[in-house]
file structure29.txt (compact mmCIF, C-alpha atoms)
# COMPACT_ATOMS: atom_id res chain seq x y z
CA MET T 19 -17.99 17.18 -3.83
CA THR T 20 -16.86 14.45 -1.45
CA THR T 21 -14.76 16.47 0.97
CA ARG T 22 -13.22 14.27 3.64
CA PRO T 23 -11.94 16.41 6.52
CA LEU T 24 -8.48 15.62 7.75
CA ASP T 25 -9.81 15.56 11.30
CA ALA T 26 -11.21 12.14 10.37
CA PHE T 27 -7.57 11.02 10.66
CA PRO T 28 -6.25 12.26 13.99
CA ASP T 29 -2.51 12.79 14.33
CA PHE T 30 -1.89 12.21 10.63
CA PRO T 31 1.56 13.70 9.85
CA VAL T 32 0.79 16.09 7.00
CA ARG T 33 4.38 17.26 6.50
CA GLN T 34 5.54 13.70 5.90
CA ALA T 35 2.54 13.00 3.70
CA LEU T 36 3.36 15.90 1.38
CA ALA T 37 6.79 14.42 0.61
CA VAL T 38 5.45 11.00 -0.43
CA ARG T 39 5.95 10.00 -4.07
CA LEU T 40 6.15 6.24 -3.53
CA VAL T 41 3.99 4.00 -1.34
CA VAL T 42 5.49 0.60 -0.58
CA LEU T 43 3.12 -2.11 0.60
CA ASP T 44 4.04 -5.31 2.35
CA VAL T 45 1.76 -8.18 1.35
CA ASP T 46 1.14 -10.74 4.10
CA GLY T 47 -0.46 -8.91 7.01
CA VAL T 48 -0.93 -5.65 5.08
CA LEU T 49 -2.63 -6.40 1.76
CA THR T 50 -3.87 -9.67 3.28
CA ASP T 51 -4.96 -10.74 6.74
CA ALA T 52 -1.74 -12.81 6.95
CA GLY T 53 -3.62 -16.02 6.30
CA VAL T 54 -2.46 -18.39 3.56
CA TYR T 55 -4.63 -21.13 2.10
CA LEU T 56 -2.49 -24.12 1.11
CA GLY T 57 -3.57 -27.18 -0.82
CA ALA T 58 -2.82 -29.24 -3.91
CA ASP T 59 -4.39 -29.62 -7.34
CA GLY T 60 -5.45 -32.96 -8.83
CA ASP T 61 -1.86 -33.69 -9.87
CA GLY T 62 -0.49 -33.05 -6.40
CA ARG T 63 1.06 -29.67 -7.30
CA PRO T 64 0.91 -27.18 -4.45
CA VAL T 65 -1.72 -24.46 -4.68
CA GLU T 66 -1.67 -21.29 -2.58
CA MET T 67 -4.45 -18.75 -2.31
CA LYS T 68 -4.67 -15.43 -0.48
CA ARG T 69 -7.57 -13.14 0.37
CA PHE T 70 -7.15 -9.54 -0.81
CA ASP T 71 -9.50 -6.72 0.18
CA ILE T 72 -11.23 -5.15 -2.84
CA GLN T 73 -11.53 -1.74 -1.15
CA ASP T 74 -7.77 -1.77 -0.56
CA GLY T 75 -7.38 -2.36 -4.28
CA LEU T 76 -9.40 0.74 -5.09
CA GLY T 77 -7.25 2.69 -2.64
CA VAL T 78 -4.20 1.62 -4.66
CA LYS T 79 -5.88 2.75 -7.89
CA LEU T 80 -6.74 6.15 -6.38
CA LEU T 81 -3.13 6.65 -5.27
CA GLN T 82 -1.95 5.83 -8.78
CA GLN T 83 -4.50 8.20 -10.27
CA ALA T 84 -3.08 10.96 -8.05
CA GLY T 85 0.40 10.30 -9.45
CA VAL T 86 1.72 8.33 -6.48
CA GLU T 87 3.74 5.26 -7.46
CA VAL T 88 2.75 2.10 -5.60
CA ALA T 89 5.08 -0.86 -5.11
CA VAL T 90 4.61 -4.27 -3.54
CA VAL T 91 7.58 -5.72 -1.67
CA SER T 92 7.20 -9.09 0.01
CA GLY T 93 9.57 -11.33 1.92
CA ARG T 94 7.79 -14.39 0.60
CA TYR T 95 7.20 -15.48 -2.99
CA SER T 96 3.61 -16.18 -4.03
CA ALA T 97 1.99 -16.43 -7.46
CA ALA T 98 -1.15 -14.92 -5.89
CA THR T 99 0.80 -11.75 -5.12
CA GLU T 100 1.97 -11.49 -8.75
CA ILE T 101 -1.59 -11.90 -9.98
CA ARG T 102 -2.94 -9.21 -7.65
CA ALA T 103 -0.14 -6.76 -8.48
CA ARG T 104 -0.72 -7.25 -12.20
CA GLU T 105 -4.47 -6.77 -11.72
CA LEU T 106 -3.84 -3.45 -9.95
CA GLY T 107 -1.31 -2.22 -12.51
CA ILE T 108 1.54 -2.26 -9.98
CA ARG T 109 4.73 -2.38 -12.04
CA GLU T 110 7.10 -2.70 -9.09
CA CYS T 111 6.31 -6.11 -7.58
CA HIS T 112 9.27 -7.61 -5.73
CA GLN T 113 9.23 -10.90 -3.86
CA ASP T 114 12.28 -12.27 -2.08
CA ASN T 115 12.15 -15.28 0.19
CA GLY T 116 15.15 -13.83 2.04
CA ALA T 117 13.18 -10.67 2.86
CA GLN T 118 15.89 -8.37 1.45
CA LYS T 119 13.45 -5.50 1.16
CA VAL T 120 15.91 -2.61 1.55
CA GLN T 121 17.79 -3.63 -1.60
CA ALA T 122 14.58 -4.04 -3.59
CA ILE T 123 13.33 -0.59 -2.60
CA ALA T 124 16.74 1.01 -3.20
CA GLY T 125 16.50 -0.25 -6.79
CA ILE T 126 13.03 1.29 -7.17
CA LEU T 127 14.29 4.61 -5.81
CA ASP T 128 17.16 4.60 -8.32
CA ARG T 129 14.76 3.95 -11.19
CA LEU T 130 12.35 6.68 -10.05
CA ASP T 131 15.07 9.14 -8.98
CA LEU T 132 13.61 9.46 -5.48
CA GLY T 133 15.05 9.44 -1.96
CA TRP T 134 14.01 7.52 1.13
CA GLU T 135 12.28 10.65 2.42
CA ASN T 136 9.80 10.30 -0.47
CA VAL T 137 8.70 6.83 0.63
CA ALA T 138 5.78 5.69 2.77
CA MET T 139 5.91 2.06 3.85
CA VAL T 140 2.81 0.27 5.15
CA ALA T 141 4.08 -2.53 7.35
CA ASP T 142 3.15 -5.10 9.95
CA ASP T 143 6.01 -7.36 11.05
CA LEU T 144 9.74 -7.80 11.63
CA PRO T 145 10.70 -8.38 7.96
CA ASP T 146 9.58 -4.77 7.36
CA LEU T 147 11.54 -3.21 10.20
CA ALA T 148 14.74 -2.36 8.29
CA VAL T 149 12.66 -0.48 5.71
CA VAL T 150 10.41 1.18 8.28
CA ARG T 151 13.50 2.68 9.91
CA ARG T 152 14.67 4.24 6.63
CA VAL T 153 11.56 5.67 5.01
CA GLY T 154 10.26 9.20 5.45
CA PHE T 155 6.79 8.03 6.41
CA PRO T 156 6.55 4.68 8.23
CA VAL T 157 3.00 3.39 8.69
CA ALA T 158 1.82 0.43 10.77
CA VAL T 159 -1.44 -1.42 10.32
CA ALA T 160 -3.61 -1.89 13.42
CA ASN T 161 -2.53 -5.51 13.86
CA ALA T 162 1.19 -4.78 13.41
CA GLN T 163 3.75 -6.14 15.83
CA PRO T 164 4.64 -3.77 18.70
CA LEU T 165 8.17 -3.10 17.40
CA VAL T 166 6.76 -1.93 14.06
CA LYS T 167 4.14 0.24 15.74
CA ARG T 168 6.83 1.83 17.89
CA GLU T 169 8.72 2.95 14.76
CA ALA T 170 5.62 4.13 12.86
CA ALA T 171 4.69 7.77 12.35
CA TRP T 172 1.04 6.72 12.03
CA THR T 173 -1.02 3.59 12.69
CA THR T 174 -4.22 2.71 10.86
CA SER T 175 -7.36 1.83 12.79
CA ALA T 176 -8.06 -1.00 10.31
CA SER T 177 -6.15 -4.27 10.29
CA GLY T 178 -4.14 -5.64 7.40
CA GLY T 179 -6.31 -7.22 4.72
CA ARG T 180 -9.32 -5.49 6.27
CA GLY T 181 -9.15 -1.99 4.81
CA ALA T 182 -5.86 -0.68 6.25
CA VAL T 183 -4.43 0.19 2.82
CA ARG T 184 -7.64 1.98 1.80
CA GLU T 185 -7.64 3.92 5.08
CA PHE T 186 -4.05 5.02 4.54
CA ALA T 187 -4.68 5.92 0.88
CA THR T 188 -7.68 8.04 1.86
CA ALA T 189 -5.78 9.79 4.64
CA LEU T 190 -2.74 10.43 2.44
CA LEU T 191 -4.78 11.84 -0.45
CA THR T 192 -6.79 13.99 1.97
CA ALA T 193 -3.63 15.38 3.59
CA ARG T 194 -2.17 16.17 0.15
CA GLY T 195 -5.37 17.93 -0.94
CA ASP T 196 -5.97 15.39 -3.71
CA TRP T 197 -8.96 13.49 -2.34
CA ASP T 198 -11.80 15.54 -3.89
CA THR T 199 -10.13 15.76 -7.30
CA VAL T 200 -9.29 12.07 -7.48
CA VAL T 201 -12.74 10.90 -6.34
CA GLU T 202 -14.47 13.29 -8.73
CA ALA T 203 -12.32 12.10 -11.66
CA TYR T 204 -12.93 8.46 -10.72
CA THR T 205 -16.70 9.04 -10.52
CA ARG T 206 -16.94 11.06 -13.73
CA ALA T 207 -15.08 8.35 -15.62
CA ARG T 208 -17.84 5.94 -14.63
CA ASP T 209 -21.02 8.01 -14.93
CA GLY T 210 -21.57 7.24 -18.61
CA GLU T 211 -21.80 10.90 -19.61
CA PRO T 212 -19.38 12.68 -21.97
CA HIS T 213 -17.40 15.48 -20.30
CA GLU T 214 -15.43 18.33 -21.82
CA GLU T 215 -11.80 18.41 -20.79
call {"tool": "encode", "arguments": {"input": "structure29.txt", "output": "structure tokens"}}
result
Amino acid sequence: MTTRPLDAFPDFPVRQALAVRLVVLDVDGVLTDAGVYLGADGDGRPVEMKRFDIQDGLGVKLLQQAGVEVAVVSGRYSAATEIRARELGIRECHQDNGAQKVQAIAGILDRLDLGWENVAMVADDLPDLAVVRRVGFPVAVANAQPLVKREAAWTTSASGGRGAVREFATALLTARGDWDTVVEAYTRARDGEPHEE
């Protein structure tokens, strides 16, 4: 077994973690390091690229495997975000250049029949603040702005785009008692051996 003791995550709010059914991720500064690569193709059309952390992606997959819905909500439209969300099997991918994140998440909650107390939001900057103040479990990445950190129930030790989402996913699954089961299922599915169910 791969037991990960909860003491690896000091001050992690277990009570709030147990209520989480939906994890909302900001993109720029959370799933990425907040950098954007801008250029143009041969025809002069703009091209934008972002760097996503692969280990964060696996953290998303482990959350989904544990039955936790994951949504991406960004205050800036990017084709790169759509591609990454599709790659990770994230059905709820919302991008709004006006950063109207509360409305987007309210729609998700209606569809999933959940309340704000069932939501964890991983955030970094002012466009996230209105959501952070509503959710049951607000989380700040290490490089978050001070106002966001002040509102957070927990802050990762890793920065956005550098493992913060994976760290939160691991801590959340550990607090919920799901870590060993999810890791074992993930490993068994990839060991090449048939297993009885």
call {"tool": "closest_atom_pairs", "arguments": {"input": "structure29.txt", "of": "stretch 98-165 of chain T", "to": "stretch 45-60 of chain T", "cutoff": "10 Å", "atoms": "only C-alpha atoms", "output": "tab-separated table"}}
result
residue	atom	partner	partner_atom	distance
T:Thr99	CA	T:Val45	CA	7.5
T:Arg102	CA	T:Leu49	CA	9.8
T:Gln113	CA	T:Val45	CA	9.5
T:Val140	CA	T:Val48	CA	7.0
T:Ala141	CA	T:Val48	CA	6.3
T:Asp142	CA	T:Gly47	CA	6.0
T:Asp143	CA	T:Gly47	CA	7.8
T:Ala158	CA	T:Val48	CA	8.8
T:Val159	CA	T:Val48	CA	6.8
T:Ala160	CA	T:Val48	CA	9.5
T:Asn161	CA	T:Gly47	CA	7.9
T:Ala162	CA	T:Gly47	CA	7.8
call {"tool": "residues_around", "arguments": {"input": "structure29.txt", "residues": "T:Glu100", "least_positions_apart": "3", "cutoff": "12 Å", "atoms": "all atoms listed in the file", "output": "list in words"}}
result
Val45, Met67, Lys68, Ala89, Val90, Val91, Ser92, Arg94, Tyr95, Ser96, Ala97, Ala103, Arg104, Glu105, Leu106, Gly107, Ile108, Arg109, Glu110, Cys111, His112 and Gln113 of chain T
call {"tool": "write_last_selection", "arguments": {"input": "structure29.txt", "atoms": "C-alpha atoms", "output": "compact mmCIF listing (two decimals), in the frame of the given file"}}
result
# COMPACT_ATOMS: atom_id res chain seq x y z
CA VAL T 45 1.76 -8.18 1.35
CA MET T 67 -4.45 -18.75 -2.31
CA LYS T 68 -4.67 -15.43 -0.48
CA ALA T 89 5.08 -0.86 -5.11
CA VAL T 90 4.61 -4.27 -3.54
CA VAL T 91 7.58 -5.72 -1.67
CA SER T 92 7.20 -9.09 0.01
CA ARG T 94 7.79 -14.39 0.60
CA TYR T 95 7.20 -15.48 -2.99
CA SER T 96 3.61 -16.18 -4.03
CA ALA T 97 1.99 -16.43 -7.46
CA ALA T 103 -0.14 -6.76 -8.48
CA ARG T 104 -0.72 -7.25 -12.20
CA GLU T 105 -4.47 -6.77 -11.72
CA LEU T 106 -3.84 -3.45 -9.95
CA GLY T 107 -1.31 -2.22 -12.51
CA ILE T 108 1.54 -2.26 -9.98
CA ARG T 109 4.73 -2.38 -12.04
CA GLU T 110 7.10 -2.70 -9.09
CA CYS T 111 6.31 -6.11 -7.58
CA HIS T 112 9.27 -7.61 -5.73
CA GLN T 113 9.23 -10.90 -3.86
call {"tool": "residues_around", "arguments": {"input": "structure29.txt", "residues": "T:Glu169", "least_positions_apart": "4", "cutoff": "8 Å", "atoms": "only C-alpha atoms", "output": "PDB file with C-alpha atoms, in the coordinates of the input"}}
result
ATOM      1  CA  VAL T 150      10.410   1.180   8.280  1.00  0.00           C
ATOM      2  CA  ARG T 151      13.500   2.680   9.910  1.00  0.00           C
ATOM      3  CA  PRO T 156       6.550   4.680   8.230  1.00  0.00           C
ATOM      4  CA  LEU T 165       8.170  -3.100  17.400  1.00  0.00           C
TER       5      LEU T 165
END
call {"tool": "atom_distance", "arguments": {"input": "structure29.txt", "atom1": "atom CA of T:Thr192", "atom2": "atom CA of T:Leu36"}}
result
10.3 Å
call {"tool": "closest_residue", "arguments": {"input": "structure29.txt", "among": "T:Lys119, T:Lys167, T:Arg129, T:Arg39", "to": "T:Ala84", "atoms": "only C-alpha atoms"}}
result
T:Arg39
call {"tool": "atom_distance", "arguments": {"input": "structure29.txt", "atom1": "atom CA of T:Ala35", "atom2": "atom CA of T:Glu202"}}
result
21.1 Å
call {"tool": "atom_distance", "arguments": {"input": "structure29.txt", "atom1": "atom CA of T:Phe27", "atom2": "atom CA of T:Phe186"}}
result
9.3 Å
call {"tool": "residues_near_point", "arguments": {"input": "structure29.txt", "point": "(15.0, 3.9, 3.4)", "cutoff": "10 Å", "atoms": "only C-alpha atoms", "output": "list of chain:residue names"}}
result
T:Lys119, T:Val120, T:Gln121, T:Ile123, T:Ala124, T:Leu127, T:Gly133, T:Trp134, T:Glu135, T:Asn136, T:Val137, T:Ala138, T:Met139, T:Ala148, T:Val149, T:Val150, T:Arg151, T:Arg152, T:Val153, T:Gly154, T:Phe155, T:Pro156
call {"tool": "closest_residue", "arguments": {"input": "structure29.txt", "among": "T:Gly93, T:Gly62, T:Gln83, T:Pro28", "to": "T:Ala207", "atoms": "only C-alpha atoms"}}
result
T:Gln83
